[in-house]
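File shown here: input-v7.cif, holding mmCIF, N, CA and C atoms.
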data_data
#
loop_
_atom_site.label_atom_id
_atom_site.label_comp_id
_atom_site.auth_asym_id
_atom_site.auth_seq_id
_atom_site.Cartn_x
_atom_site.Cartn_y
_atom_site.Cartn_z
N MET M 1 0.86 -1.18 0.00
CA MET M 1 0.00 0.00 0.00
C MET M 1 0.90 1.24 0.00
N ASP M 2 0.63 2.18 -0.92
CA ASP M 2 1.45 3.38 -0.95
C ASP M 2 0.99 4.39 0.10
N GLY M 3 1.75 5.46 0.28
CA GLY M 3 1.49 6.45 1.32
C GLY M 3 0.11 7.10 1.23
N ILE M 4 -0.30 7.49 0.02
CA ILE M 4 -1.60 8.15 -0.16
C ILE M 4 -2.73 7.18 0.16
N SER M 5 -2.66 5.97 -0.32
CA SER M 5 -3.69 4.97 -0.04
C SER M 5 -3.80 4.71 1.46
N ASP M 6 -2.66 4.66 2.13
CA ASP M 6 -2.65 4.44 3.57
C ASP M 6 -3.32 5.60 4.31
N ILE M 7 -3.05 6.83 3.87
CA ILE M 7 -3.69 8.01 4.49
C ILE M 7 -5.19 7.94 4.31
N VAL M 8 -5.65 7.65 3.09
CA VAL M 8 -7.08 7.58 2.81
C VAL M 8 -7.74 6.48 3.64
N LYS M 9 -7.11 5.31 3.71
CA LYS M 9 -7.66 4.20 4.48
C LYS M 9 -7.78 4.56 5.96
N LYS M 10 -6.72 5.15 6.51
CA LYS M 10 -6.75 5.52 7.93
C LYS M 10 -7.74 6.64 8.20
N PHE M 11 -7.90 7.56 7.26
CA PHE M 11 -8.89 8.62 7.43
C PHE M 11 -10.30 8.03 7.44
N ASP M 12 -10.57 7.11 6.53
CA ASP M 12 -11.88 6.44 6.51
C ASP M 12 -12.14 5.73 7.84
N GLU M 13 -11.12 5.07 8.38
CA GLU M 13 -11.26 4.40 9.67
C GLU M 13 -11.50 5.41 10.78
N PHE M 14 -10.81 6.55 10.71
CA PHE M 14 -10.99 7.61 11.70
C PHE M 14 -12.41 8.17 11.65
N GLU M 15 -12.91 8.45 10.44
CA GLU M 15 -14.29 8.93 10.30
C GLU M 15 -15.28 7.94 10.89
N LYS M 16 -15.08 6.67 10.62
CA LYS M 16 -15.96 5.63 11.16
C LYS M 16 -15.89 5.62 12.68
N SER M 17 -14.71 5.74 13.24
CA SER M 17 -14.58 5.72 14.70
C SER M 17 -15.26 6.94 15.34
N MET M 18 -15.21 8.10 14.68
CA MET M 18 -15.92 9.28 15.20
C MET M 18 -17.42 9.06 15.18
N LYS M 19 -17.93 8.52 14.08
CA LYS M 19 -19.37 8.27 13.96
C LYS M 19 -19.84 7.18 14.91
N ASP M 20 -19.00 6.18 15.17
CA ASP M 20 -19.35 5.12 16.11
C ASP M 20 -19.26 5.61 17.56
N GLY M 21 -18.23 6.38 17.88
CA GLY M 21 -17.99 6.79 19.26
C GLY M 21 -18.82 7.97 19.71
N LEU M 22 -19.01 8.95 18.84
CA LEU M 22 -19.79 10.16 19.15
C LEU M 22 -20.72 10.47 17.98
N PRO M 23 -21.72 9.61 17.74
CA PRO M 23 -22.54 9.73 16.53
C PRO M 23 -23.36 11.01 16.42
N LYS M 24 -23.64 11.67 17.54
CA LYS M 24 -24.49 12.86 17.50
C LYS M 24 -23.68 14.16 17.49
N VAL M 25 -22.36 14.03 17.52
CA VAL M 25 -21.48 15.20 17.57
C VAL M 25 -20.93 15.49 16.17
N ASP M 26 -20.98 16.75 15.79
CA ASP M 26 -20.45 17.20 14.51
C ASP M 26 -18.98 16.79 14.40
N THR M 27 -18.62 16.10 13.34
CA THR M 27 -17.25 15.61 13.19
C THR M 27 -16.24 16.76 13.13
N ARG M 28 -16.65 17.91 12.60
CA ARG M 28 -15.74 19.06 12.57
C ARG M 28 -15.39 19.51 13.98
N LEU M 29 -16.36 19.44 14.90
CA LEU M 29 -16.09 19.79 16.30
C LEU M 29 -15.11 18.80 16.91
N ILE M 30 -15.29 17.51 16.65
CA ILE M 30 -14.38 16.50 17.20
C ILE M 30 -12.96 16.74 16.70
N ILE M 31 -12.80 16.96 15.41
CA ILE M 31 -11.47 17.18 14.84
C ILE M 31 -10.83 18.44 15.42
N ASP M 32 -11.60 19.52 15.50
CA ASP M 32 -11.10 20.77 16.06
C ASP M 32 -10.65 20.54 17.51
N MET M 33 -11.48 19.86 18.28
CA MET M 33 -11.17 19.61 19.68
C MET M 33 -9.92 18.74 19.83
N LEU M 34 -9.79 17.72 19.00
CA LEU M 34 -8.60 16.86 19.06
C LEU M 34 -7.32 17.66 18.83
N HIS M 35 -7.35 18.59 17.89
CA HIS M 35 -6.18 19.43 17.64
C HIS M 35 -5.86 20.30 18.85
N ARG M 36 -6.88 20.90 19.43
CA ARG M 36 -6.67 21.83 20.55
C ARG M 36 -6.29 21.11 21.84
N ILE M 37 -6.80 19.89 22.03
CA ILE M 37 -6.50 19.13 23.25
C ILE M 37 -5.02 18.78 23.34
N LYS M 38 -4.31 18.80 22.23
CA LYS M 38 -2.87 18.55 22.27
C LYS M 38 -2.14 19.60 23.10
N LYS M 39 -2.69 20.83 23.13
CA LYS M 39 -2.07 21.93 23.87
C LYS M 39 -2.80 22.26 25.16
N ASP M 40 -4.08 21.97 25.22
CA ASP M 40 -4.91 22.32 26.38
C ASP M 40 -5.93 21.20 26.55
N ASP M 41 -5.87 20.46 27.66
CA ASP M 41 -6.73 19.28 27.80
C ASP M 41 -8.22 19.58 27.90
N SER M 42 -8.59 20.83 28.12
CA SER M 42 -10.01 21.23 28.13
C SER M 42 -10.14 22.64 27.57
N PRO M 43 -10.11 22.79 26.24
CA PRO M 43 -10.23 24.12 25.65
C PRO M 43 -11.63 24.71 25.82
N MET M 44 -11.72 26.01 25.74
CA MET M 44 -12.98 26.73 25.93
C MET M 44 -13.80 26.73 24.65
N TYR M 45 -15.04 26.24 24.76
CA TYR M 45 -15.97 26.17 23.63
C TYR M 45 -17.33 26.69 24.03
N THR M 46 -18.06 27.17 23.05
CA THR M 46 -19.50 27.35 23.19
C THR M 46 -20.11 26.17 22.46
N ILE M 47 -20.76 25.31 23.23
CA ILE M 47 -21.36 24.09 22.69
C ILE M 47 -22.85 24.31 22.53
N GLU M 48 -23.37 23.91 21.37
CA GLU M 48 -24.80 24.02 21.09
C GLU M 48 -25.38 22.63 20.95
N ILE M 49 -26.41 22.37 21.74
CA ILE M 49 -27.04 21.06 21.78
C ILE M 49 -28.46 21.22 21.23
N PHE M 50 -28.77 20.45 20.21
CA PHE M 50 -30.11 20.45 19.63
C PHE M 50 -30.81 19.18 20.08
N LEU M 51 -31.95 19.32 20.72
CA LEU M 51 -32.69 18.18 21.24
C LEU M 51 -33.79 17.77 20.27
N ASN M 52 -34.16 16.49 20.33
CA ASN M 52 -35.23 15.97 19.48
C ASN M 52 -36.60 16.48 19.90
N ASP M 53 -36.83 16.60 21.20
CA ASP M 53 -38.14 16.99 21.72
C ASP M 53 -38.00 18.13 22.70
N ARG M 54 -39.09 18.83 22.91
CA ARG M 54 -39.13 19.89 23.91
C ARG M 54 -38.91 19.25 25.29
N PRO M 55 -37.88 19.69 26.00
CA PRO M 55 -37.53 19.00 27.24
C PRO M 55 -38.15 19.63 28.49
N ASP M 56 -37.99 18.92 29.59
CA ASP M 56 -38.25 19.48 30.91
C ASP M 56 -36.98 20.28 31.24
N THR M 57 -37.05 21.61 31.11
CA THR M 57 -35.84 22.42 31.25
C THR M 57 -35.22 22.31 32.64
N ASN M 58 -36.02 22.10 33.66
CA ASN M 58 -35.45 21.94 35.00
C ASN M 58 -34.61 20.66 35.08
N LYS M 59 -35.09 19.60 34.46
CA LYS M 59 -34.34 18.34 34.44
C LYS M 59 -33.02 18.52 33.67
N ILE M 60 -33.08 19.21 32.53
CA ILE M 60 -31.90 19.45 31.72
C ILE M 60 -30.90 20.31 32.49
N LYS M 61 -31.39 21.37 33.16
CA LYS M 61 -30.50 22.21 33.96
C LYS M 61 -29.77 21.37 35.00
N THR M 62 -30.50 20.48 35.66
CA THR M 62 -29.89 19.63 36.69
C THR M 62 -28.83 18.72 36.09
N ILE M 63 -29.14 18.07 34.97
CA ILE M 63 -28.18 17.17 34.31
C ILE M 63 -26.91 17.92 33.94
N ILE M 64 -27.06 19.10 33.33
CA ILE M 64 -25.89 19.86 32.89
C ILE M 64 -25.13 20.46 34.07
N GLU M 65 -25.87 21.00 35.04
CA GLU M 65 -25.20 21.60 36.20
C GLU M 65 -24.45 20.55 37.01
N GLU M 66 -25.07 19.39 37.23
CA GLU M 66 -24.39 18.34 38.00
C GLU M 66 -23.24 17.70 37.23
N GLY M 67 -23.42 17.54 35.92
CA GLY M 67 -22.38 16.90 35.11
C GLY M 67 -21.23 17.80 34.72
N LEU M 68 -21.52 19.09 34.50
CA LEU M 68 -20.49 20.00 34.00
C LEU M 68 -20.20 21.17 34.92
N GLY M 69 -21.10 21.44 35.85
CA GLY M 69 -20.89 22.55 36.78
C GLY M 69 -21.20 23.92 36.20
N VAL M 70 -22.00 23.97 35.14
CA VAL M 70 -22.37 25.25 34.53
C VAL M 70 -23.88 25.29 34.28
N MET M 71 -24.39 26.48 34.10
CA MET M 71 -25.81 26.66 33.83
C MET M 71 -26.01 26.90 32.33
N PRO M 72 -26.89 26.12 31.70
CA PRO M 72 -27.14 26.29 30.26
C PRO M 72 -28.10 27.44 29.97
N ALA M 73 -28.04 27.92 28.74
CA ALA M 73 -29.02 28.88 28.23
C ALA M 73 -29.92 28.12 27.25
N PHE M 74 -31.21 28.44 27.26
CA PHE M 74 -32.19 27.74 26.42
C PHE M 74 -32.75 28.66 25.35
N TYR M 75 -32.92 28.10 24.14
CA TYR M 75 -33.50 28.81 23.01
C TYR M 75 -34.49 27.88 22.32
N ASP M 76 -35.31 28.42 21.44
CA ASP M 76 -36.25 27.63 20.64
C ASP M 76 -37.10 26.69 21.50
N HIS M 77 -37.76 27.27 22.50
CA HIS M 77 -38.64 26.50 23.39
C HIS M 77 -37.91 25.38 24.12
N GLY M 78 -36.64 25.59 24.40
CA GLY M 78 -35.86 24.62 25.16
C GLY M 78 -35.19 23.54 24.34
N THR M 79 -35.40 23.52 23.03
CA THR M 79 -34.81 22.46 22.20
C THR M 79 -33.41 22.80 21.68
N HIS M 80 -32.95 24.01 21.94
CA HIS M 80 -31.62 24.48 21.53
C HIS M 80 -30.94 25.00 22.79
N ILE M 81 -29.90 24.31 23.23
CA ILE M 81 -29.22 24.63 24.48
C ILE M 81 -27.82 25.10 24.16
N VAL M 82 -27.38 26.14 24.86
CA VAL M 82 -26.03 26.67 24.67
C VAL M 82 -25.30 26.65 26.01
N VAL M 83 -24.08 26.11 25.98
CA VAL M 83 -23.25 26.02 27.17
C VAL M 83 -21.85 26.50 26.82
N ALA M 84 -21.35 27.48 27.57
CA ALA M 84 -19.96 27.95 27.39
C ALA M 84 -19.15 27.38 28.55
N HIS M 85 -18.11 26.64 28.21
CA HIS M 85 -17.34 25.97 29.26
C HIS M 85 -16.08 25.38 28.64
N ARG M 86 -15.15 24.99 29.49
CA ARG M 86 -13.99 24.22 29.03
C ARG M 86 -14.49 22.81 28.77
N PHE M 87 -14.25 22.30 27.57
CA PHE M 87 -14.80 21.00 27.17
C PHE M 87 -13.70 20.02 26.80
N ASN M 88 -14.06 18.74 26.92
CA ASN M 88 -13.24 17.66 26.39
C ASN M 88 -14.19 16.63 25.77
N LEU M 89 -13.66 15.60 25.18
CA LEU M 89 -14.50 14.60 24.49
C LEU M 89 -15.41 13.85 25.45
N GLN M 90 -14.96 13.62 26.68
CA GLN M 90 -15.78 12.92 27.66
C GLN M 90 -17.03 13.74 28.00
N MET M 91 -16.91 15.06 28.02
CA MET M 91 -18.07 15.91 28.29
C MET M 91 -19.08 15.84 27.15
N LEU M 92 -18.58 15.79 25.92
CA LEU M 92 -19.48 15.65 24.78
C LEU M 92 -20.21 14.30 24.85
N GLU M 93 -19.48 13.27 25.24
CA GLU M 93 -20.10 11.95 25.40
C GLU M 93 -21.15 11.98 26.51
N TYR M 94 -20.86 12.66 27.61
CA TYR M 94 -21.82 12.78 28.72
C TYR M 94 -23.11 13.44 28.24
N LEU M 95 -22.98 14.54 27.51
CA LEU M 95 -24.17 15.24 27.00
C LEU M 95 -24.94 14.36 26.03
N SER M 96 -24.23 13.68 25.15
CA SER M 96 -24.88 12.79 24.16
C SER M 96 -25.65 11.68 24.84
N ASN M 97 -25.08 11.13 25.90
CA ASN M 97 -25.69 9.97 26.56
C ASN M 97 -26.79 10.32 27.55
N ASN M 98 -26.82 11.57 28.04
CA ASN M 98 -27.77 11.92 29.09
C ASN M 98 -28.90 12.82 28.64
N LEU M 99 -28.89 13.23 27.40
CA LEU M 99 -29.96 14.09 26.86
C LEU M 99 -30.50 13.45 25.59
N ASN M 100 -31.71 13.80 25.21
CA ASN M 100 -32.31 13.30 23.98
C ASN M 100 -31.80 14.15 22.81
N VAL M 101 -30.54 13.94 22.46
CA VAL M 101 -29.82 14.81 21.53
C VAL M 101 -30.07 14.43 20.07
N GLU M 102 -30.33 15.45 19.27
CA GLU M 102 -30.37 15.29 17.82
C GLU M 102 -28.96 15.49 17.27
N LYS M 103 -28.30 16.59 17.69
CA LYS M 103 -26.93 16.85 17.27
C LYS M 103 -26.28 17.82 18.24
N ILE M 104 -24.95 17.79 18.24
CA ILE M 104 -24.15 18.72 19.05
C ILE M 104 -23.14 19.37 18.13
N ARG M 105 -23.08 20.69 18.19
CA ARG M 105 -22.11 21.46 17.41
C ARG M 105 -21.39 22.40 18.37
N GLY M 106 -20.33 23.02 17.93
CA GLY M 106 -19.64 23.91 18.83
C GLY M 106 -18.68 24.84 18.14
N THR M 107 -18.27 25.89 18.88
CA THR M 107 -17.36 26.90 18.39
C THR M 107 -16.30 27.16 19.45
N PHE M 108 -15.04 27.09 19.06
CA PHE M 108 -13.95 27.40 19.97
C PHE M 108 -14.03 28.88 20.32
N THR M 109 -13.91 29.20 21.62
CA THR M 109 -14.02 30.60 22.03
C THR M 109 -12.75 31.14 22.67
N GLY M 110 -11.67 30.36 22.67
CA GLY M 110 -10.39 30.88 23.12
C GLY M 110 -9.99 30.43 24.50
N GLY M 111 -8.75 30.13 24.70
CA GLY M 111 -8.10 29.61 25.88
C GLY M 111 -8.63 29.99 27.25
N GLY M 112 -9.92 29.88 27.49
CA GLY M 112 -10.47 30.13 28.81
C GLY M 112 -10.79 31.58 29.07
N ARG M 113 -10.40 32.45 28.17
CA ARG M 113 -10.63 33.88 28.37
C ARG M 113 -11.90 34.35 27.68
N GLY M 114 -12.41 33.55 26.76
CA GLY M 114 -13.56 33.98 25.98
C GLY M 114 -14.87 33.77 26.71
N ALA M 115 -15.74 34.71 26.56
CA ALA M 115 -17.09 34.59 27.11
C ALA M 115 -17.95 33.87 26.09
N SER M 116 -19.12 33.46 26.50
CA SER M 116 -20.04 32.80 25.58
C SER M 116 -20.36 33.74 24.43
N ILE M 117 -20.37 33.18 23.25
CA ILE M 117 -20.75 33.97 22.08
C ILE M 117 -22.22 33.78 21.76
N GLY M 118 -22.91 32.99 22.57
CA GLY M 118 -24.32 32.71 22.34
C GLY M 118 -24.49 31.75 21.18
N PRO M 119 -25.73 31.52 20.77
CA PRO M 119 -25.96 30.57 19.69
C PRO M 119 -25.43 31.09 18.36
N VAL M 120 -24.85 30.18 17.58
CA VAL M 120 -24.33 30.50 16.26
C VAL M 120 -25.05 29.69 15.20
N PHE M 121 -25.38 28.44 15.53
CA PHE M 121 -25.96 27.52 14.57
C PHE M 121 -27.48 27.52 14.65
N GLU M 122 -28.10 27.21 13.53
CA GLU M 122 -29.55 27.02 13.45
C GLU M 122 -29.83 25.54 13.37
N ARG M 123 -31.01 25.13 13.78
CA ARG M 123 -31.38 23.73 13.75
C ARG M 123 -31.24 23.14 12.35
N ASP M 124 -31.54 23.90 11.32
CA ASP M 124 -31.50 23.36 9.96
C ASP M 124 -30.15 23.52 9.27
N ASP M 125 -29.11 24.02 10.00
CA ASP M 125 -27.77 24.03 9.43
C ASP M 125 -27.39 22.61 9.08
N GLN M 126 -26.75 22.44 7.97
CA GLN M 126 -26.34 21.10 7.56
C GLN M 126 -25.05 20.71 8.27
N ALA M 127 -25.15 19.78 9.16
CA ALA M 127 -23.96 19.26 9.85
C ALA M 127 -23.40 18.11 9.06
N ASP M 128 -22.11 17.99 9.08
CA ASP M 128 -21.42 16.90 8.39
C ASP M 128 -21.15 15.81 9.40
N TYR M 129 -21.96 14.79 9.43
CA TYR M 129 -21.78 13.73 10.42
C TYR M 129 -21.02 12.61 9.81
#

Conversion result in structure tokens:
Amino acid sequence: MDGISDIVKKFDEFEKSMKDGLPKVDTRLIIDMLHRIKKDDSPMYTIEIFLNDRPDTNKIKTIIEEGLGVMPAFYDHGTHIVVAHRFNLQMLEYLSNNLNVEKIRGTFTGGGRGASIGPVFERDDQADY
């Protein structure tokens, strides 16, 4: 197998592992986070969580506050949640597993100094999963 074929094969395997491991998380967010985690084990992100159904916001607040130690902001009748915090892949997995998530997207906001930028994505934005 030549070098290019090996790169393509390993990239395909990597894409599959992202979809298997964090199927509801935008792959661009995973890749961005993996690059940043090399320098900072929990970089600062504004994470946007899109839920399948209108939730019990008090229950969601409790899940996020107990799991991450931050208070979420709610939009679109509670189905669009925004959390600004230092994140890692385990936190994305926690959110995916404990909420009725349709998709999770995010934006890097800078080495712990950035404040929440609020929601950036719309529910109908095309995510590349």

Looking only at helix (DSSP H, G or I) from DSSP on the backbone, list the matching residues of region 22-68 of chain M as a PyMOL selection string. chain M and resi 27-37+57-68

Expand the PyMOL selection byres (((chain M and resi 66-83 and name CA) around 12) and name CA) into the individual residues it matches in the shown file, reporting them as a compact mmCIF listing (two decimals) with N, CA and C atoms, in the frame of the given file.
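Result file follows (result.txt):
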# COMPACT_ATOMS: atom_id res chain seq x y z
N MET M 44 -11.72 26.01 25.74
CA MET M 44 -12.98 26.73 25.93
C MET M 44 -13.80 26.73 24.65
N TYR M 45 -15.04 26.24 24.76
CA TYR M 45 -15.97 26.17 23.63
C TYR M 45 -17.33 26.69 24.03
N THR M 46 -18.06 27.17 23.05
CA THR M 46 -19.50 27.35 23.19
C THR M 46 -20.11 26.17 22.46
N ILE M 47 -20.76 25.31 23.23
CA ILE M 47 -21.36 24.09 22.69
C ILE M 47 -22.85 24.31 22.53
N GLU M 48 -23.37 23.91 21.37
CA GLU M 48 -24.80 24.02 21.09
C GLU M 48 -25.38 22.63 20.95
N ILE M 49 -26.41 22.37 21.74
CA ILE M 49 -27.04 21.06 21.78
C ILE M 49 -28.46 21.22 21.23
N PHE M 50 -28.77 20.45 20.21
CA PHE M 50 -30.11 20.45 19.63
C PHE M 50 -30.81 19.18 20.08
N LEU M 51 -31.95 19.32 20.72
CA LEU M 51 -32.69 18.18 21.24
C LEU M 51 -33.79 17.77 20.27
N ASN M 52 -34.16 16.49 20.33
CA ASN M 52 -35.23 15.97 19.48
C ASN M 52 -36.60 16.48 19.90
N ASP M 53 -36.83 16.60 21.20
CA ASP M 53 -38.14 16.99 21.72
C ASP M 53 -38.00 18.13 22.70
N ARG M 54 -39.09 18.83 22.91
CA ARG M 54 -39.13 19.89 23.91
C ARG M 54 -38.91 19.25 25.29
N PRO M 55 -37.88 19.69 26.00
CA PRO M 55 -37.53 19.00 27.24
C PRO M 55 -38.15 19.63 28.49
N ASP M 56 -37.99 18.92 29.59
CA ASP M 56 -38.25 19.48 30.91
C ASP M 56 -36.98 20.28 31.24
N THR M 57 -37.05 21.61 31.11
CA THR M 57 -35.84 22.42 31.25
C THR M 57 -35.22 22.31 32.64
N ASN M 58 -36.02 22.10 33.66
CA ASN M 58 -35.45 21.94 35.00
C ASN M 58 -34.61 20.66 35.08
N LYS M 59 -35.09 19.60 34.46
CA LYS M 59 -34.34 18.34 34.44
C LYS M 59 -33.02 18.52 33.67
N ILE M 60 -33.08 19.21 32.53
CA ILE M 60 -31.90 19.45 31.72
C ILE M 60 -30.90 20.31 32.49
N LYS M 61 -31.39 21.37 33.16
CA LYS M 61 -30.50 22.21 33.96
C LYS M 61 -29.77 21.37 35.00
N THR M 62 -30.50 20.48 35.66
CA THR M 62 -29.89 19.63 36.69
C THR M 62 -28.83 18.72 36.09
N ILE M 63 -29.14 18.07 34.97
CA ILE M 63 -28.18 17.17 34.31
C ILE M 63 -26.91 17.92 33.94
N ILE M 64 -27.06 19.10 33.33
CA ILE M 64 -25.89 19.86 32.89
C ILE M 64 -25.13 20.46 34.07
N GLU M 65 -25.87 21.00 35.04
CA GLU M 65 -25.20 21.60 36.20
C GLU M 65 -24.45 20.55 37.01
N ALA M 84 -21.35 27.48 27.57
CA ALA M 84 -19.96 27.95 27.39
C ALA M 84 -19.15 27.38 28.55
N HIS M 85 -18.11 26.64 28.21
CA HIS M 85 -17.34 25.97 29.26
C HIS M 85 -16.08 25.38 28.64
N ARG M 86 -15.15 24.99 29.49
CA ARG M 86 -13.99 24.22 29.03
C ARG M 86 -14.49 22.81 28.77
N PHE M 87 -14.25 22.30 27.57
CA PHE M 87 -14.80 21.00 27.17
C PHE M 87 -13.70 20.02 26.80
N ASN M 88 -14.06 18.74 26.92
CA ASN M 88 -13.24 17.66 26.39
C ASN M 88 -14.19 16.63 25.77
N GLN M 90 -14.96 13.62 26.68
CA GLN M 90 -15.78 12.92 27.66
C GLN M 90 -17.03 13.74 28.00
N MET M 91 -16.91 15.06 28.02
CA MET M 91 -18.07 15.91 28.29
C MET M 91 -19.08 15.84 27.15
N LEU M 92 -18.58 15.79 25.92
CA LEU M 92 -19.48 15.65 24.78
C LEU M 92 -20.21 14.30 24.85
N GLU M 93 -19.48 13.27 25.24
CA GLU M 93 -20.10 11.95 25.40
C GLU M 93 -21.15 11.98 26.51
N TYR M 94 -20.86 12.66 27.61
CA TYR M 94 -21.82 12.78 28.72
C TYR M 94 -23.11 13.44 28.24
N LEU M 95 -22.98 14.54 27.51
CA LEU M 95 -24.17 15.24 27.00
C LEU M 95 -24.94 14.36 26.03
N SER M 96 -24.23 13.68 25.15
CA SER M 96 -24.88 12.79 24.16
C SER M 96 -25.65 11.68 24.84
N ASN M 97 -25.08 11.13 25.90
CA ASN M 97 -25.69 9.97 26.56
C ASN M 97 -26.79 10.32 27.55
N ASN M 98 -26.82 11.57 28.04
CA ASN M 98 -27.77 11.92 29.09
C ASN M 98 -28.90 12.82 28.64
N LEU M 99 -28.89 13.23 27.40
CA LEU M 99 -29.96 14.09 26.86
C LEU M 99 -30.50 13.45 25.59
N ASN M 100 -31.71 13.80 25.21
CA ASN M 100 -32.31 13.30 23.98
C ASN M 100 -31.80 14.15 22.81
N VAL M 101 -30.54 13.94 22.46
CA VAL M 101 -29.82 14.81 21.53
C VAL M 101 -30.07 14.43 20.07
N GLU M 102 -30.33 15.45 19.27
CA GLU M 102 -30.37 15.29 17.82
C GLU M 102 -28.96 15.49 17.27
N LYS M 103 -28.30 16.59 17.69
CA LYS M 103 -26.93 16.85 17.27
C LYS M 103 -26.28 17.82 18.24
N ILE M 104 -24.95 17.79 18.24
CA ILE M 104 -24.15 18.72 19.05
C ILE M 104 -23.14 19.37 18.13
N ARG M 105 -23.08 20.69 18.19
CA ARG M 105 -22.11 21.46 17.41
C ARG M 105 -21.39 22.40 18.37
N GLY M 106 -20.33 23.02 17.93
CA GLY M 106 -19.64 23.91 18.83
C GLY M 106 -18.68 24.84 18.14
N THR M 107 -18.27 25.89 18.88
CA THR M 107 -17.36 26.90 18.39
C THR M 107 -16.30 27.16 19.45
N PHE M 108 -15.04 27.09 19.06
CA PHE M 108 -13.95 27.40 19.97
C PHE M 108 -14.03 28.88 20.32
N THR M 109 -13.91 29.20 21.62
CA THR M 109 -14.02 30.60 22.03
C THR M 109 -12.75 31.14 22.67
N ALA M 115 -15.74 34.71 26.56
CA ALA M 115 -17.09 34.59 27.11
C ALA M 115 -17.95 33.87 26.09
N SER M 116 -19.12 33.46 26.50
CA SER M 116 -20.04 32.80 25.58
C SER M 116 -20.36 33.74 24.43
N ILE M 117 -20.37 33.18 23.25
CA ILE M 117 -20.75 33.97 22.08
C ILE M 117 -22.22 33.78 21.76
N GLY M 118 -22.91 32.99 22.57
CA GLY M 118 -24.32 32.71 22.34
C GLY M 118 -24.49 31.75 21.18
N PRO M 119 -25.73 31.52 20.77
CA PRO M 119 -25.96 30.57 19.69
C PRO M 119 -25.43 31.09 18.36
N VAL M 120 -24.85 30.18 17.58
CA VAL M 120 -24.33 30.50 16.26
C VAL M 120 -25.05 29.69 15.20
N PHE M 121 -25.38 28.44 15.53
CA PHE M 121 -25.96 27.52 14.57
C PHE M 121 -27.48 27.52 14.65
N GLU M 122 -28.10 27.21 13.53
CA GLU M 122 -29.55 27.02 13.45
C GLU M 122 -29.83 25.54 13.37
N ARG M 123 -31.01 25.13 13.78
CA ARG M 123 -31.38 23.73 13.75
C ARG M 123 -31.24 23.14 12.35
N ASP M 124 -31.54 23.90 11.32
CA ASP M 124 -31.50 23.36 9.96
C ASP M 124 -30.15 23.52 9.27

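When CA of His35 (chain M) is paired with CA of Glu15 (chain M), their separation reads 15.2 Å.
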
Work out how far atom C of Ser5 (chain M) is from atom N of Pro23 (chain M), in Å to one decimal.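 A separation of 24.7 Å between them.
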
Strand (DSSP E) per DSSP on the backbone: members of region 52-110 of chain M, as a PyMOL selection string: chain M and resi 73-75+80-86+101-108

Distance CA of Val25 (chain M)-CA of Gly3 (chain M), one decimal place? 29.5 Å

Return the single residue from M:Asp6, M:Leu22, M:Asp12, M:Leu89 that is closest to Ser42 (chain M), with distances computed using only C-alpha atoms.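 Using only C-alpha atoms, the shortest distance to Ser42 (chain M) belongs to M:Leu89.
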